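Student: My structure is stored as my_file_0.tsv, with TSV, C-alpha atoms.
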chain	number	residue	atom	x	y	z
A	1	GLN	CA	93.78	106.73	85.08
A	2	ALA	CA	91.05	106.39	82.45
A	3	TYR	CA	88.79	104.54	84.91
A	4	LEU	CA	89.52	107.17	87.56
A	5	GLY	CA	88.56	109.92	85.11
A	6	GLU	CA	85.26	108.23	84.30
A	7	ARG	CA	84.52	107.78	87.98
A	8	LYS	CA	85.09	111.51	88.54
A	9	LEU	CA	82.79	112.31	85.62
A	10	LEU	CA	79.96	110.21	87.08
A	11	GLN	CA	80.35	111.97	90.41
A	12	ALA	CA	80.43	115.41	88.79
A	13	LYS	CA	77.20	114.62	86.93
A	14	GLY	CA	75.51	113.46	90.13
A	15	LEU	CA	75.05	109.92	88.83
A	16	LEU	CA	76.30	108.09	91.93
A	17	GLN	CA	73.52	106.74	94.16
A	18	PRO	CA	73.59	105.83	97.88
A	19	ASN	CA	74.71	102.25	98.46
A	20	LYS	CA	71.88	99.99	99.58
A	21	THR	CA	72.00	96.52	101.10
A	22	GLN	CA	69.21	93.96	101.28
A	23	PHE	CA	68.49	91.74	104.27
A	24	GLY	CA	65.95	88.91	104.09
A	25	LEU	CA	63.34	88.96	106.86
A	26	PRO	CA	61.72	85.83	108.36
A	27	SER	CA	58.41	87.02	106.88
A	28	GLY	CA	59.88	86.73	103.39
A	29	GLU	CA	60.00	90.50	103.00
A	30	VAL	CA	63.25	92.32	102.23
A	31	LEU	CA	64.77	95.01	104.44
A	32	VAL	CA	66.62	97.59	102.32
A	33	CYS	CA	69.22	99.57	104.27
A	34	ARG	CA	71.37	102.49	103.13
A	35	LYS	CA	75.00	102.53	104.20
A	36	PRO	CA	76.19	106.00	105.28
A	37	ASN	CA	78.81	107.86	103.24
A	38	ILE	CA	79.00	105.27	100.44
A	39	PHE	CA	77.78	105.92	96.89
A	40	GLU	CA	77.90	103.81	93.74
A	41	ALA	CA	76.95	103.39	90.10
A	42	ASP	CA	75.91	100.09	88.48
A	43	LEU	CA	77.05	99.65	84.87
A	44	HIS	CA	73.95	97.58	84.07
A	45	ASP	CA	72.36	101.02	83.56
A	46	PRO	CA	72.81	101.87	79.85
A	47	LYS	CA	72.71	105.62	80.61
A	48	LEU	CA	75.84	105.27	82.73
A	49	ARG	CA	77.65	103.31	80.03
A	50	GLN	CA	77.05	106.15	77.58
A	51	VAL	CA	79.29	108.48	79.62
A	52	THR	CA	81.89	105.85	80.63
A	53	PRO	CA	83.24	104.33	77.37
A	54	LYS	CA	86.22	102.56	78.95
A	55	LEU	CA	84.11	100.93	81.64
A	56	ALA	CA	81.41	100.16	79.08
A	57	GLN	CA	84.04	98.35	77.01
A	58	LEU	CA	85.06	96.31	80.05
A	59	PHE	CA	81.42	95.50	80.74
A	60	ALA	CA	80.66	94.42	77.17
A	61	GLY	CA	83.85	92.43	76.58
A	62	ASP	CA	84.85	89.01	77.87
A	63	GLU	CA	88.64	89.33	77.77
A	64	LEU	CA	88.85	89.60	81.57
A	65	VAL	CA	86.53	86.63	82.09
A	66	ARG	CA	88.52	84.44	79.70
A	67	ALA	CA	91.83	85.45	81.29
A	68	LEU	CA	90.50	84.58	84.74
A	69	ASP	CA	89.13	81.27	83.48
A	70	ASP	CA	92.56	80.40	82.04
A	71	ALA	CA	94.36	81.42	85.24
A	72	LEU	CA	91.96	79.58	87.57
A	73	PRO	CA	91.29	76.08	86.26
A	74	GLY	CA	87.88	74.89	87.35
A	75	ALA	CA	86.46	78.38	87.86
A	76	SER	CA	83.90	77.82	85.04
A	77	LEU	CA	83.02	81.48	84.62
A	78	GLN	CA	80.00	82.79	82.73
A	79	GLU	CA	80.66	84.97	79.69
A	80	GLY	CA	78.40	87.79	78.50
A	81	THR	CA	76.88	90.82	80.19
A	82	ASN	CA	74.36	88.66	82.06
A	83	GLY	CA	77.28	86.99	83.81
A	84	LYS	CA	78.95	90.05	85.26
A	85	THR	CA	78.23	93.11	87.37
A	86	ILE	CA	80.41	96.22	87.53
A	87	LYS	CA	79.93	98.88	90.19
A	88	LEU	CA	81.93	102.02	90.79
A	89	GLN	CA	82.08	103.12	94.38
A	90	TYR	CA	82.85	106.35	96.19
A	91	ASN	CA	83.35	106.45	99.96
A	92	SER	CA	83.22	110.02	101.24
A	93	GLY	CA	85.05	109.09	104.44
A	94	HIS	CA	83.56	110.03	107.81
A	95	GLY	CA	83.67	106.39	108.94
A	96	GLY	CA	82.02	104.81	105.93
A	97	CYS	CA	82.61	101.05	105.83
A	98	PHE	CA	81.11	97.64	105.06
A	99	PRO	CA	80.28	94.96	107.66
A	100	LEU	CA	81.49	91.37	107.47
A	101	HIS	CA	79.89	89.48	104.60
A	102	TYR	CA	80.33	87.08	101.70
A	103	ASP	CA	79.71	88.52	98.23
A	104	ASN	CA	77.80	85.33	97.45
A	105	PRO	CA	75.82	84.50	100.62
A	106	GLY	CA	73.88	81.63	99.01
A	107	ARG	CA	71.16	80.84	96.51
A	108	PRO	CA	70.01	82.27	94.14
A	109	ASN	CA	73.23	84.33	93.90
A	110	LYS	CA	75.59	83.09	91.17
A	111	ARG	CA	78.70	85.18	91.85
A	112	LYS	CA	81.91	83.17	91.58
A	113	LEU	CA	84.73	85.74	91.57
A	114	THR	CA	85.13	89.22	93.04
A	115	CYS	CA	87.65	91.55	91.38
A	116	LEU	CA	88.41	94.87	93.12
A	117	LEU	CA	90.46	97.62	91.48
A	118	TYR	CA	91.44	100.59	93.68
A	119	LEU	CA	91.67	104.13	92.31
A	120	ASN	CA	93.33	106.07	95.13
A	121	PRO	CA	96.53	107.79	93.94
A	122	SER	CA	97.08	109.67	97.21
A	123	TRP	CA	96.05	107.03	99.76
A	124	GLN	CA	98.31	106.82	102.82
A	125	PRO	CA	98.29	104.95	106.14
A	126	GLY	CA	95.73	106.47	108.46
A	127	ASP	CA	93.21	107.15	105.70
A	128	GLY	CA	91.41	103.88	106.46
A	129	GLY	CA	89.14	102.09	104.00
A	130	GLU	CA	91.33	98.96	103.91
A	131	LEU	CA	89.90	95.66	102.74
A	132	GLN	CA	90.08	93.06	105.50
A	133	VAL	CA	89.72	89.42	104.49
A	134	VAL	CA	89.15	86.73	107.11
A	135	PRO	CA	90.50	83.30	106.11
A	136	PHE	CA	88.56	80.59	107.91
A	137	LEU	CA	89.94	80.28	111.46
A	138	ARG	CA	93.01	82.29	110.52
A	139	SER	CA	94.15	85.80	111.37
A	140	PRO	CA	92.58	88.59	109.28
A	141	VAL	CA	94.62	90.00	106.41
A	142	THR	CA	94.40	93.77	105.85
A	143	ILE	CA	94.95	95.12	102.32
A	144	ALA	CA	95.56	98.81	101.65
A	145	PRO	CA	93.44	100.37	98.83
A	146	ARG	CA	96.40	101.72	96.87
A	147	MET	CA	96.13	103.01	93.30
A	148	ASN	CA	95.97	100.26	90.62
A	149	ARG	CA	95.94	97.45	93.20
A	150	LEU	CA	93.78	94.58	91.96
A	151	VAL	CA	92.40	92.08	94.48
A	152	ILE	CA	90.67	88.87	93.32
A	153	PHE	CA	88.95	86.31	95.52
A	154	TYR	CA	86.22	83.65	95.43
A	155	SER	CA	82.87	85.29	96.20
A	156	GLU	CA	81.44	82.16	97.88
A	157	GLN	CA	84.15	81.50	100.40
A	158	VAL	CA	86.02	84.65	101.41
A	159	LEU	CA	84.57	86.45	104.42
A	160	HIS	CA	85.58	90.11	104.31
A	161	ARG	CA	84.74	93.67	105.26
A	162	VAL	CA	85.90	97.24	104.55
A	163	LEU	CA	87.33	99.09	107.53
A	164	GLN	CA	86.15	102.55	108.50
A	165	CYS	CA	87.31	105.20	106.07
A	166	ARG	CA	88.61	108.61	107.14
A	167	ALA	CA	89.41	110.00	103.68
A	168	LYS	CA	87.82	109.81	100.25
A	169	ARG	CA	88.17	106.33	98.73
A	170	TYR	CA	87.46	105.14	95.19
A	171	CYS	CA	87.28	101.72	93.57
A	172	PHE	CA	85.28	99.62	91.21
A	173	THR	CA	84.27	96.00	91.55
A	174	VAL	CA	83.68	93.36	88.90
A	175	TRP	CA	81.67	90.35	90.01
A	176	VAL	CA	81.76	87.40	87.61
A	177	ASP	CA	79.14	84.67	87.82
A	178	GLY	CA	79.85	80.97	87.57
A	179	ARG	CA	78.22	78.90	84.87
A	180	ASP	CA	74.95	77.22	85.76
A	181	GLY	CA	75.40	74.59	88.45
A	182	THR	CA	78.89	75.69	89.51
A	183	THR	CA	77.92	77.95	92.44
A	184	ASN	CA	75.99	77.12	95.60
A	185	ARG	CA	76.01	73.43	94.85
A	186	ASP	CA	74.02	71.10	97.11
A	187	GLU	CA	77.14	69.90	98.94
A	188	HIS	CA	78.01	73.50	99.79
A	189	ASN	CA	74.63	74.26	101.34
A	190	ALA	CA	74.47	71.32	103.74
A	191	LEU	CA	77.08	70.49	106.37
A	192	ARG	CA	78.04	66.83	106.46
A	193	VAL	CA	80.50	65.67	109.13
A	194	LYS	CA	81.72	62.09	109.23
A	195	PRO	CA	81.43	60.19	112.53
A	196	GLY	CA	84.65	60.45	114.51
A	197	GLN	CA	86.08	63.17	112.27
A	198	GLY	CA	88.49	65.40	114.21
A	199	ILE	CA	87.93	69.14	114.55
A	200	GLU	CA	91.16	69.96	112.67
A	201	ASP	CA	89.98	67.92	109.67
A	202	ILE	CA	86.53	69.49	109.83
A	203	ALA	CA	88.05	72.97	109.93
A	204	ALA	CA	90.29	72.21	106.95
A	205	TYR	CA	87.30	70.95	104.97
A	206	MET	CA	85.15	73.97	105.82
A	207	GLY	CA	87.95	76.41	105.08
A	208	SER	CA	88.34	75.04	101.56
A	209	CYS	CA	84.76	75.46	100.35
A	210	PRO	CA	81.59	77.60	100.69
A	211	VAL	CA	80.06	75.37	103.37
A	212	GLN	CA	81.84	77.60	105.91
A	213	ARG	CA	79.04	80.15	105.42
A	214	ILE	CA	76.71	77.94	107.51
A	215	VAL	CA	78.67	78.59	110.71
A	216	SER	CA	80.30	81.93	109.92
A	217	ARG	CA	77.92	84.25	111.80
A	218	ALA	CA	77.98	82.10	114.92
A	219	LEU	CA	81.72	81.49	114.74
A	220	TYR	CA	82.53	85.21	114.38
A	221	ARG	CA	79.44	86.49	116.23
A	222	GLU	CA	81.13	89.38	118.06
A	223	ASP	CA	83.01	90.50	114.94
A	224	TYR	CA	79.83	90.50	112.85
A	225	GLU	CA	77.95	92.57	115.42
A	226	ARG	CA	80.78	95.06	115.87
A	227	SER	CA	81.09	95.54	112.12
A	228	LEU	CA	77.35	96.21	111.79
A	229	VAL	CA	77.47	98.88	114.49
A	230	GLU	CA	80.56	100.49	112.93
A	231	CYS	CA	78.92	100.50	109.49
A	232	MET	CA	75.65	102.16	110.50
A	233	GLY	CA	77.44	104.37	113.02
A	234	GLY	CA	78.44	106.59	110.11
A	235	PHE	CA	75.10	108.34	110.50
A	236	PRO	CA	75.16	111.11	113.13
A	237	GLY	CA	74.07	109.70	116.47
A	238	VAL	CA	73.45	106.19	115.14
A	239	GLY	CA	75.38	103.25	116.52
A	240	ALA	CA	76.37	104.85	119.81
A	241	ALA	CA	73.19	103.67	121.52
A	242	GLU	CA	73.77	100.13	120.27
A	243	ALA	CA	77.40	100.10	121.34
A	244	ASN	CA	76.37	101.31	124.80
A	245	GLY	CA	73.92	98.50	125.37
A	246	HIS	CA	70.65	100.10	124.24
A	247	GLY	CA	70.28	98.01	121.11
A	248	HIS	CA	68.78	94.78	122.40
A	249	GLY	CA	65.21	95.58	121.53
A	250	ASN	CA	63.56	95.25	118.14
A	251	ALA	CA	62.86	98.05	115.71
A	252	SER	CA	59.78	99.08	117.66
A	253	GLY	CA	61.61	99.29	120.99
A	254	SER	CA	60.71	102.15	123.26
A	255	GLY	CA	64.00	102.98	125.01
A	256	LYS	CA	65.45	106.34	124.13
A	257	GLY	CA	69.07	106.53	123.04
A	258	LYS	CA	71.48	108.84	121.36
A	259	GLY	CA	70.37	109.37	117.78
A	260	GLU	CA	66.64	109.35	118.54
A	261	GLY	CA	64.44	112.22	117.48
A	262	SER	CA	63.43	114.97	119.85
A	263	GLY	CA	60.12	113.20	120.48
A	264	GLY	CA	61.82	109.93	121.40
A	265	GLU	CA	61.20	108.33	117.99
A	266	MET	CA	64.08	106.43	116.39
A	267	LEU	CA	65.81	107.70	113.29
A	268	PRO	CA	65.24	105.49	110.21
A	269	GLN	CA	68.93	104.50	110.22
A	270	GLN	CA	68.74	103.49	113.87
A	271	GLN	CA	65.72	101.34	113.06
A	272	ASP	CA	67.72	99.72	110.24
A	273	LEU	CA	70.60	98.96	112.60
A	274	ARG	CA	68.31	97.45	115.20
A	275	GLN	CA	66.68	95.33	112.52
A	276	MET	CA	70.11	94.15	111.35
A	277	LEU	CA	71.16	93.28	114.89
A	278	SER	CA	67.83	91.58	115.54
A	279	LEU	CA	68.27	89.39	112.44
A	280	HIS	CA	71.84	88.59	113.44
A	281	ARG	CA	70.78	87.55	116.94
A	282	ALA	CA	67.86	85.53	115.57
A	283	HIS	CA	70.34	83.59	113.45
A	284	LEU	CA	72.48	82.90	116.53
A	285	LYS	CA	69.44	81.60	118.40
A	286	ALA	CA	68.60	79.30	115.50
A	287	VAL	CA	72.11	77.86	115.67
A	288	GLU	CA	71.75	77.36	119.44
A	289	ARG	CA	68.53	75.37	118.91
A	290	SER	CA	70.45	72.80	116.86
A	291	LYS	CA	72.62	70.97	119.38
A	292	PRO	CA	74.89	69.26	116.81
A	293	LEU	CA	75.52	72.57	115.03
A	294	SER	CA	75.92	74.50	118.28
A	295	ASP	CA	78.42	71.92	119.59
A	296	LEU	CA	80.40	72.15	116.35
A	297	VAL	CA	80.50	75.96	116.55
A	298	ASP	CA	81.76	75.75	120.14
A	299	LYS	CA	84.57	73.42	119.06
A	300	LEU	CA	85.48	75.69	116.14
A	301	ARG	CA	85.53	78.74	118.43
A	302	GLY	CA	87.79	76.83	120.78
A	303	LEU	CA	90.11	75.97	117.90
A	304	ARG	CA	90.12	79.59	116.80
A	305	SER	CA	91.09	80.74	120.30
A	306	ALA	CA	93.86	78.14	120.50
A	307	ARG	CA	95.27	79.23	117.14
A	308	ASP	CA	95.12	82.90	118.12
A	309	LEU	CA	96.98	82.15	121.34
A	310	ALA	CA	99.62	80.09	119.55
A	311	GLU	CA	100.15	82.90	117.06
A	312	GLU	CA	100.58	85.47	119.85
A	313	GLU	CA	103.10	83.27	121.64
A	314	GLY	CA	104.91	82.25	118.48
Could I get this structure in the form of structure tokens?
Tutor:
Amino acid sequence: QAYLGERKLLQAKGLLQPNKTQFGLPSGEVLVCRKPNIFEADLHDPKLRQVTPKLAQLFAGDELVRALDDALPGASLQEGTNGKTIKLQYNSGHGGCFPLHYDNPGRPNKRKLTCLLYLNPSWQPGDGGELQVVPFLRSPVTIAPRMNRLVIFYSEQVLHRVLQCRAKRYCFTVWVDGRDGTTNRDEHNALRVKPGQGIEDIAAYMGSCPVQRIVSRALYREDYERSLVECMGGFPGVGAAEANGHGHGNASGSGKGKGEGSGGEMLPQQQDLRQMLSLHRAHLKAVERSKPLSDLVDKLRGLRSARDLAEEEG
């Protein structure tokens, strides 16, 4: 309740900022996109800590980090304020959501654990905003954002998203870094398959470590694309054109679609979505150019389909 009260205070003071996500471009530049209907506050800002004493205490202390280190042997978590990030988040509803992603997508990110605490005393089925985690080649698991529910997972190896929200949703997230050399290790950034190794063994290996990130976008290509469209579709008129097949050009495309300005120009959010989709599709093409990797993805997709079918029949 204390955390919920501080969250309300930040919102009342207008201290929550629009959520922004960064995407790396092939040119080396960074595309910064704003997610619709989602606002947040980062406790690295000392001004925010001055009005949130309970959260400031959590940020400054290491009791949580030590407890997690004791409970998860081998986690090797970093103590101190440089080893953690705390963000409060407010989702105003209206379809606000997050696309599929890993909280630690690769170097130079050092996040090791993600800890989510939900602050929704009146949440009920139908409100949306559930966390959906996707175990490697397994059925998604959907978790309701109920009050005081704490969810903890490894930032490097749990693919997840937030489903579209139809009511106000509150939470805060604590990301804890691993000590130097414990995240994004060399063996987790290069896929090594032994000659003659069966696809079941390969899948088990990839599901147990961060190396799964190498194939994730290609393995779940349709799910990634759908989640991107749903996320940016929270802006009026944005997303519908993409979903209806008008989104295959780049950000400078000339085709008109719903959500474009009266003069035919694209809205900034529509440009962001097309950039996101363009980057996603460029990644898929890069995978296709590598025959060994493409063949592996095809086998993994086949295994996924077989498991889905067996689950439906079972």
Student: Please provide the set of residues having any atom within 12 Å of A:Ala2, restricted to all atoms listed in the file, with same-chain residues fewer than 5 positions apart removed, written as a list in words.
Tutor: Arg7, Lys8, Leu9, Thr52, Pro53, Lys54, Leu55, Ala56, Gln57, Leu58, Leu119 and Asn148 of chain A
Student: I'd like to know which of A:Gln212, A:Pro145, A:Ser139, A:Ser278 is closest to A:Arg304, using all atoms listed in the file.
Tutor: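 Closest to A:Arg304 of all the choices is A:Ser139.
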Student: Mind giving me the straight-line distance from atom CA of A:Leu163 to atom CA of A:Phe98 in Å, one decimal?
Tutor: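 Straight-line distance from atom CA of A:Leu163 to atom CA of A:Phe98 works out to 6.8 Å.
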Student: As a VMD selection string, please: the residues near A:Tyr90 (cut-off 6 Å, all atoms listed in the file, same-chain neighbours under 3 positions excluded).
Tutor: chain A and resid 38 to 39 169 to 170
Student: Go ahead and compute the interatomic distance for atom CA of A:Ala286 and atom CA of A:Glu187, in Å to one decimal.
Tutor: 20.9 Å
Student: Which distance in Å separates atom CA of A:Gln275 and atom CA of A:His188, to one decimal?
Tutor: 27.7 Å
Student: For A:Arg221, work out the shell of residues within 9 Å, counting all atoms listed in the file and skipping chain neighbours fewer than 6 positions away, then give it as a PyMOL selection string.
Tutor: chain A and resi 280-281+284
Student: For the selection just defined, write its residues with C-alpha atoms to a file, as an mmCIF file, in the coordinates of the input.
Tutor:
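Resulting contents of again.cif:
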data_model
loop_
_atom_site.group_PDB
_atom_site.id
_atom_site.type_symbol
_atom_site.label_atom_id
_atom_site.label_comp_id
_atom_site.auth_asym_id
_atom_site.auth_seq_id
_atom_site.Cartn_x
_atom_site.Cartn_y
_atom_site.Cartn_z
ATOM 1 C CA HIS A 280 71.840 88.590 113.440
ATOM 2 C CA ARG A 281 70.780 87.550 116.940
ATOM 3 C CA LEU A 284 72.480 82.900 116.530
#
Student: Need to verify the contact set: A:Leu300, 12 Å, all atoms listed in the file, exclusion of same-chain residues closer than 2 positions in sequence. Can you return it as a PyMOL selection string?
Tutor: chain A and resi 136-138+198-204+206-207+212+215-216+218-220+293-298+302-307
Student: Neighbours of A:Leu191 within 7 Å (all atoms listed in the file; same-chain residues fewer than 2 positions away dropped), as a list in words?
Tutor: Asn189, Val193 and Val211 of chain A
